[in-house]
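Engineer: Pasting data17.cif below, which is mmCIF, C-alpha atoms.
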```
data_start
#
loop_
_atom_site.group_PDB
_atom_site.id
_atom_site.type_symbol
_atom_site.label_atom_id
_atom_site.label_comp_id
_atom_site.auth_asym_id
_atom_site.auth_seq_id
_atom_site.Cartn_x
_atom_site.Cartn_y
_atom_site.Cartn_z
ATOM 1 C CA MET A 1 47.674 19.730 -30.872
ATOM 2 C CA ALA A 2 45.844 16.413 -30.495
ATOM 3 C CA ILE A 3 44.046 15.026 -33.520
ATOM 4 C CA SER A 4 40.248 15.074 -33.232
ATOM 5 C CA GLU A 5 38.255 11.850 -33.380
ATOM 6 C CA LYS A 6 36.646 13.107 -36.594
ATOM 7 C CA ASP A 7 40.052 13.771 -38.172
ATOM 8 C CA ALA A 8 41.294 10.349 -37.012
ATOM 9 C CA ALA A 9 38.236 8.709 -38.578
ATOM 10 C CA LEU A 10 38.711 10.549 -41.859
ATOM 11 C CA ALA A 11 42.402 9.579 -41.925
ATOM 12 C CA ALA A 12 41.793 5.910 -41.056
ATOM 13 C CA VAL A 13 41.964 3.468 -43.933
ATOM 14 C CA PRO A 14 39.482 0.584 -43.865
ATOM 15 C CA SER A 15 41.536 -2.590 -43.863
ATOM 16 C CA ASP A 16 41.731 -6.183 -42.650
ATOM 17 C CA ALA A 17 45.216 -5.452 -41.271
ATOM 18 C CA PRO A 18 45.769 -5.990 -37.527
ATOM 19 C CA THR A 19 44.554 -3.096 -35.386
ATOM 20 C CA ILE A 20 45.373 -1.733 -31.954
ATOM 21 C CA PHE A 21 42.526 -3.926 -30.681
ATOM 22 C CA ASP A 22 44.293 -7.049 -31.966
ATOM 23 C CA LYS A 23 47.330 -6.005 -29.928
ATOM 24 C CA ILE A 24 45.147 -5.532 -26.838
ATOM 25 C CA ILE A 25 43.592 -8.994 -27.348
ATOM 26 C CA LYS A 26 47.099 -10.509 -27.581
ATOM 27 C CA LYS A 27 48.119 -8.571 -24.415
ATOM 28 C CA GLU A 28 50.842 -6.768 -26.404
ATOM 29 C CA ILE A 29 49.340 -3.437 -25.304
ATOM 30 C CA PRO A 30 48.024 -3.037 -21.750
ATOM 31 C CA ALA A 31 44.361 -2.271 -21.203
ATOM 32 C CA SER A 32 42.126 -1.879 -18.171
ATOM 33 C CA VAL A 33 39.998 -4.971 -18.802
ATOM 34 C CA VAL A 34 36.601 -4.993 -17.085
ATOM 35 C CA TYR A 35 35.137 -8.140 -18.676
ATOM 36 C CA GLU A 36 36.404 -11.056 -20.722
ATOM 37 C CA ASP A 37 35.003 -14.350 -21.913
ATOM 38 C CA GLU A 38 35.882 -16.722 -24.734
ATOM 39 C CA LYS A 39 34.291 -14.467 -27.380
ATOM 40 C CA VAL A 40 34.651 -10.840 -26.289
ATOM 41 C CA LEU A 41 36.890 -8.425 -24.422
ATOM 42 C CA ALA A 42 35.735 -5.224 -22.700
ATOM 43 C CA PHE A 43 38.116 -2.527 -21.500
ATOM 44 C CA ARG A 44 38.097 1.129 -20.459
ATOM 45 C CA ASP A 45 38.557 3.689 -23.248
ATOM 46 C CA ILE A 46 41.821 5.633 -22.897
ATOM 47 C CA ASP A 47 40.041 8.854 -23.956
ATOM 48 C CA PRO A 48 36.699 8.569 -22.149
ATOM 49 C CA GLN A 49 33.763 10.636 -23.377
ATOM 50 C CA ALA A 50 31.692 9.903 -20.250
ATOM 51 C CA PRO A 51 32.458 8.911 -16.640
ATOM 52 C CA THR A 52 32.038 5.297 -17.794
ATOM 53 C CA HIS A 53 33.334 4.607 -21.318
ATOM 54 C CA ILE A 54 34.069 0.998 -22.152
ATOM 55 C CA ILE A 55 34.981 -0.574 -25.491
ATOM 56 C CA ILE A 56 33.597 -4.047 -26.204
ATOM 57 C CA ILE A 57 35.172 -6.041 -29.029
ATOM 58 C CA PRO A 58 34.934 -9.508 -30.521
ATOM 59 C CA LYS A 59 38.163 -11.443 -29.966
ATOM 60 C CA ASP A 60 37.887 -12.968 -33.459
ATOM 61 C CA ARG A 61 37.277 -10.161 -35.933
ATOM 62 C CA ASP A 62 36.208 -12.635 -38.667
ATOM 63 C CA GLY A 63 35.908 -9.910 -41.310
ATOM 64 C CA LEU A 64 33.908 -7.610 -39.015
ATOM 65 C CA THR A 65 35.880 -4.459 -39.679
ATOM 66 C CA GLY A 66 32.610 -2.558 -39.196
ATOM 67 C CA LEU A 67 28.900 -3.187 -38.745
ATOM 68 C CA SER A 68 28.313 -2.567 -42.455
ATOM 69 C CA LYS A 69 30.478 -5.641 -43.141
ATOM 70 C CA ALA A 70 28.285 -7.946 -41.022
ATOM 71 C CA GLU A 71 27.002 -11.109 -42.663
ATOM 72 C CA GLU A 72 24.496 -13.705 -41.525
ATOM 73 C CA ARG A 73 27.326 -15.757 -39.984
ATOM 74 C CA HIS A 74 27.979 -12.862 -37.561
ATOM 75 C CA ILE A 75 24.508 -12.884 -35.951
ATOM 76 C CA GLU A 76 25.659 -14.809 -32.872
ATOM 77 C CA ILE A 77 28.644 -12.559 -32.099
ATOM 78 C CA LEU A 78 26.592 -9.394 -32.724
ATOM 79 C CA GLY A 79 24.026 -10.564 -30.185
ATOM 80 C CA HIS A 80 26.773 -11.575 -27.761
ATOM 81 C CA LEU A 81 28.354 -8.104 -28.022
ATOM 82 C CA LEU A 82 25.055 -6.402 -27.157
ATOM 83 C CA TYR A 83 24.339 -8.810 -24.318
ATOM 84 C CA THR A 84 27.853 -8.170 -22.990
ATOM 85 C CA ALA A 85 27.124 -4.421 -23.057
ATOM 86 C CA LYS A 86 24.134 -5.072 -20.764
ATOM 87 C CA VAL A 87 26.197 -7.285 -18.430
ATOM 88 C CA VAL A 88 29.031 -4.735 -18.211
ATOM 89 C CA ALA A 89 26.580 -1.842 -17.689
ATOM 90 C CA LYS A 90 25.087 -3.680 -14.709
ATOM 91 C CA GLN A 91 28.586 -4.520 -13.415
ATOM 92 C CA GLU A 92 29.505 -0.819 -13.679
ATOM 93 C CA GLY A 93 26.380 0.272 -11.790
ATOM 94 C CA LEU A 94 24.723 2.040 -14.717
ATOM 95 C CA ASP A 95 21.237 1.338 -13.368
ATOM 96 C CA ASP A 96 19.914 4.776 -14.456
ATOM 97 C CA GLY A 97 20.705 4.036 -18.105
ATOM 98 C CA PHE A 98 23.521 4.025 -20.605
ATOM 99 C CA ARG A 99 24.227 4.467 -24.303
ATOM 100 C CA VAL A 100 25.598 1.941 -26.761
ATOM 101 C CA VAL A 101 27.302 3.347 -29.872
ATOM 102 C CA ILE A 102 28.728 1.644 -32.952
ATOM 103 C CA ASN A 103 30.542 3.976 -35.337
ATOM 104 C CA ASP A 104 30.699 2.742 -38.936
ATOM 105 C CA GLY A 105 32.814 4.156 -41.733
ATOM 106 C CA PRO A 106 34.366 7.594 -42.144
ATOM 107 C CA LYS A 107 31.107 9.574 -41.850
ATOM 108 C CA GLY A 108 30.146 7.458 -38.832
ATOM 109 C CA CYS A 109 33.427 8.552 -37.192
ATOM 110 C CA GLN A 110 34.976 5.060 -37.128
ATOM 111 C CA SER A 111 38.723 5.248 -36.559
ATOM 112 C CA VAL A 112 39.567 1.596 -35.765
ATOM 113 C CA TYR A 113 38.479 -0.995 -38.319
ATOM 114 C CA HIS A 114 37.646 -3.788 -35.879
ATOM 115 C CA LEU A 115 33.944 -3.767 -34.962
ATOM 116 C CA HIS A 116 33.552 -2.342 -31.480
ATOM 117 C CA ILE A 117 30.834 -1.080 -29.204
ATOM 118 C CA HIS A 118 31.195 2.015 -27.050
ATOM 119 C CA LEU A 119 29.346 1.664 -23.738
ATOM 120 C CA LEU A 120 28.816 5.145 -22.296
ATOM 121 C CA GLY A 121 27.234 6.064 -18.985
ATOM 122 C CA GLY A 122 27.531 7.826 -15.670
ATOM 123 C CA ARG A 123 26.089 11.109 -16.955
ATOM 124 C CA GLN A 124 22.977 12.371 -18.707
ATOM 125 C CA MET A 125 23.176 11.683 -22.438
ATOM 126 C CA ASN A 126 21.773 14.212 -24.906
ATOM 127 C CA TRP A 127 19.849 13.856 -28.146
ATOM 128 C CA PRO A 128 20.666 14.175 -30.958
ATOM 129 C CA PRO A 129 24.109 12.705 -30.270
ATOM 130 C CA GLY A 130 25.940 14.756 -32.896
#
```
Kindly return the structure encoded in the file as structure tokens.
Structural biologist:
Amino acid sequence: MAISEKDAALAAVPSDAPTIFDKIIKKEIPASVVYEDEKVLAFRDIDPQAPTHIIIIPKDRDGLTGLSKAEERHIEILGHLLYTAKVVAKQEGLDDGFRVVINDGPKGCQSVYHLHIHLLGGRQMNWPPG
């Protein structure tokens, strides 16, 4: 039986150790990249929760294991990540709307400790999200 995202998040240990995302950045693990610039990388989620599900990550983690770890020095990259979400949403044809999600910590269902944005679209989102 596959482990649930909630169980994966509860089992994950917050750490500065390299993550699967670091391996994707270094091209050690293949990913379906949809956008890349000098600061960020965006790729399709391998377990999509919507018709369009893209992960957007900073290439230099710089201590950003999660949003709760953000410091003033991270303002530029945080803005760049959100702007990239808008650019990728337009590129993906999500003109009717989309959702941006950042999970933080165990109760926020974060399972990879490298700040990342989930860009979800292509279907009607519901509220509350869960």
Engineer: Leu81 in chain A: which residues within 8 Å, counting only C-alpha atoms, same-chain residues fewer than 3 positions away excluded, as a PyMOL selection string?
Structural biologist: chain A and resi 40+56-58+77-78+84-85+117
Engineer: How would the residues just picked look written out with C-alpha atoms as a JSON list (two decimals), in the coordinates of the input?
Structural biologist:
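Final output, saved to part-v8.json:
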```json
[["chain", "number", "residue", "atom", "x", "y", "z"],
["A", 40, "VAL", "CA", 34.65, -10.84, -26.29],
["A", 56, "ILE", "CA", 33.60, -4.05, -26.20],
["A", 57, "ILE", "CA", 35.17, -6.04, -29.03],
["A", 58, "PRO", "CA", 34.93, -9.51, -30.52],
["A", 77, "ILE", "CA", 28.64, -12.56, -32.10],
["A", 78, "LEU", "CA", 26.59, -9.39, -32.72],
["A", 84, "THR", "CA", 27.85, -8.17, -22.99],
["A", 85, "ALA", "CA", 27.12, -4.42, -23.06],
["A", 117, "ILE", "CA", 30.83, -1.08, -29.20]]
```
Engineer: Decode the PyMOL selection byres ((chain A and resi 65-74) around 9) for the given file into explicit residues and return them as a ChimeraX atom specification.
Structural biologist: /A:14-16,61-64,75-79,102-105,110,112-116
Engineer: Quote the spacing between CA of Val34 in chain A and CA of Thr19 in chain A in Å to one decimal place.
Structural biologist: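 Value for the CA of Val34 in chain A-CA of Thr19 in chain A distance: 20.0 Å.
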Engineer: Enter the distance from CA of Phe43 in chain A to CA of Asp7 in chain A, in Å, rounded to one decimal.
Structural biologist: 23.4 Å
Engineer: List the residues matched by the PyMOL selection byres ((chain A and resi 45-47) around 12) in the displayed structure as number ranges by chain, ordered by chain and then by residue number.
Structural biologist: A: 2, 4-5, 21, 24, 30-34, 42-44, 48-57, 116-120
Engineer: Using Å and a single decimal, report how far CA of Ala89 in chain A sits from CA of Pro129 in chain A.
Structural biologist: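 Computed distance, CA of Pro129 in chain A to CA of Ala89 in chain A, equals 19.4 Å.
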Engineer: Which is closest to Lys86 in chain A among A:Asn126, A:Gly121, A:Ile29, A:Lys59, if we use only C-alpha atoms?
Structural biologist: A:Gly121
Engineer: Return the single residue from A:Glu38, A:Asp22, A:Cys109, A:Leu94 that is closest to Lys6 in chain A, with distances computed using only C-alpha atoms.
Structural biologist: A:Cys109
Engineer: Any chance you could work out the axis-aligned box around range 61-65 of chain A, listed atoms only, 3 Å on each side, giving centre and edge lengths in Å to one decimal, as JSON?
Structural biologist:
```
{"center_x": 35.6, "center_y": -8.5, "center_z": -38.6, "size_x": 9.4, "size_y": 14.2, "size_z": 11.4}
```
Engineer: Could you check which of A:Lys23, A:Arg123, A:Lys107, A:Lys39 is closest to Asp95 in chain A, using all atoms listed in the file?
Structural biologist: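 The closest residue to Asp95 in chain A is A:Arg123.
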Engineer: Counting only C-alpha atoms, which of A:Met125, A:Lys27, A:Gly108, A:His80 gets nearest to Asp96 in chain A?
Structural biologist: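 That would be A:Met125, the residue with the smallest distance to Asp96 in chain A.
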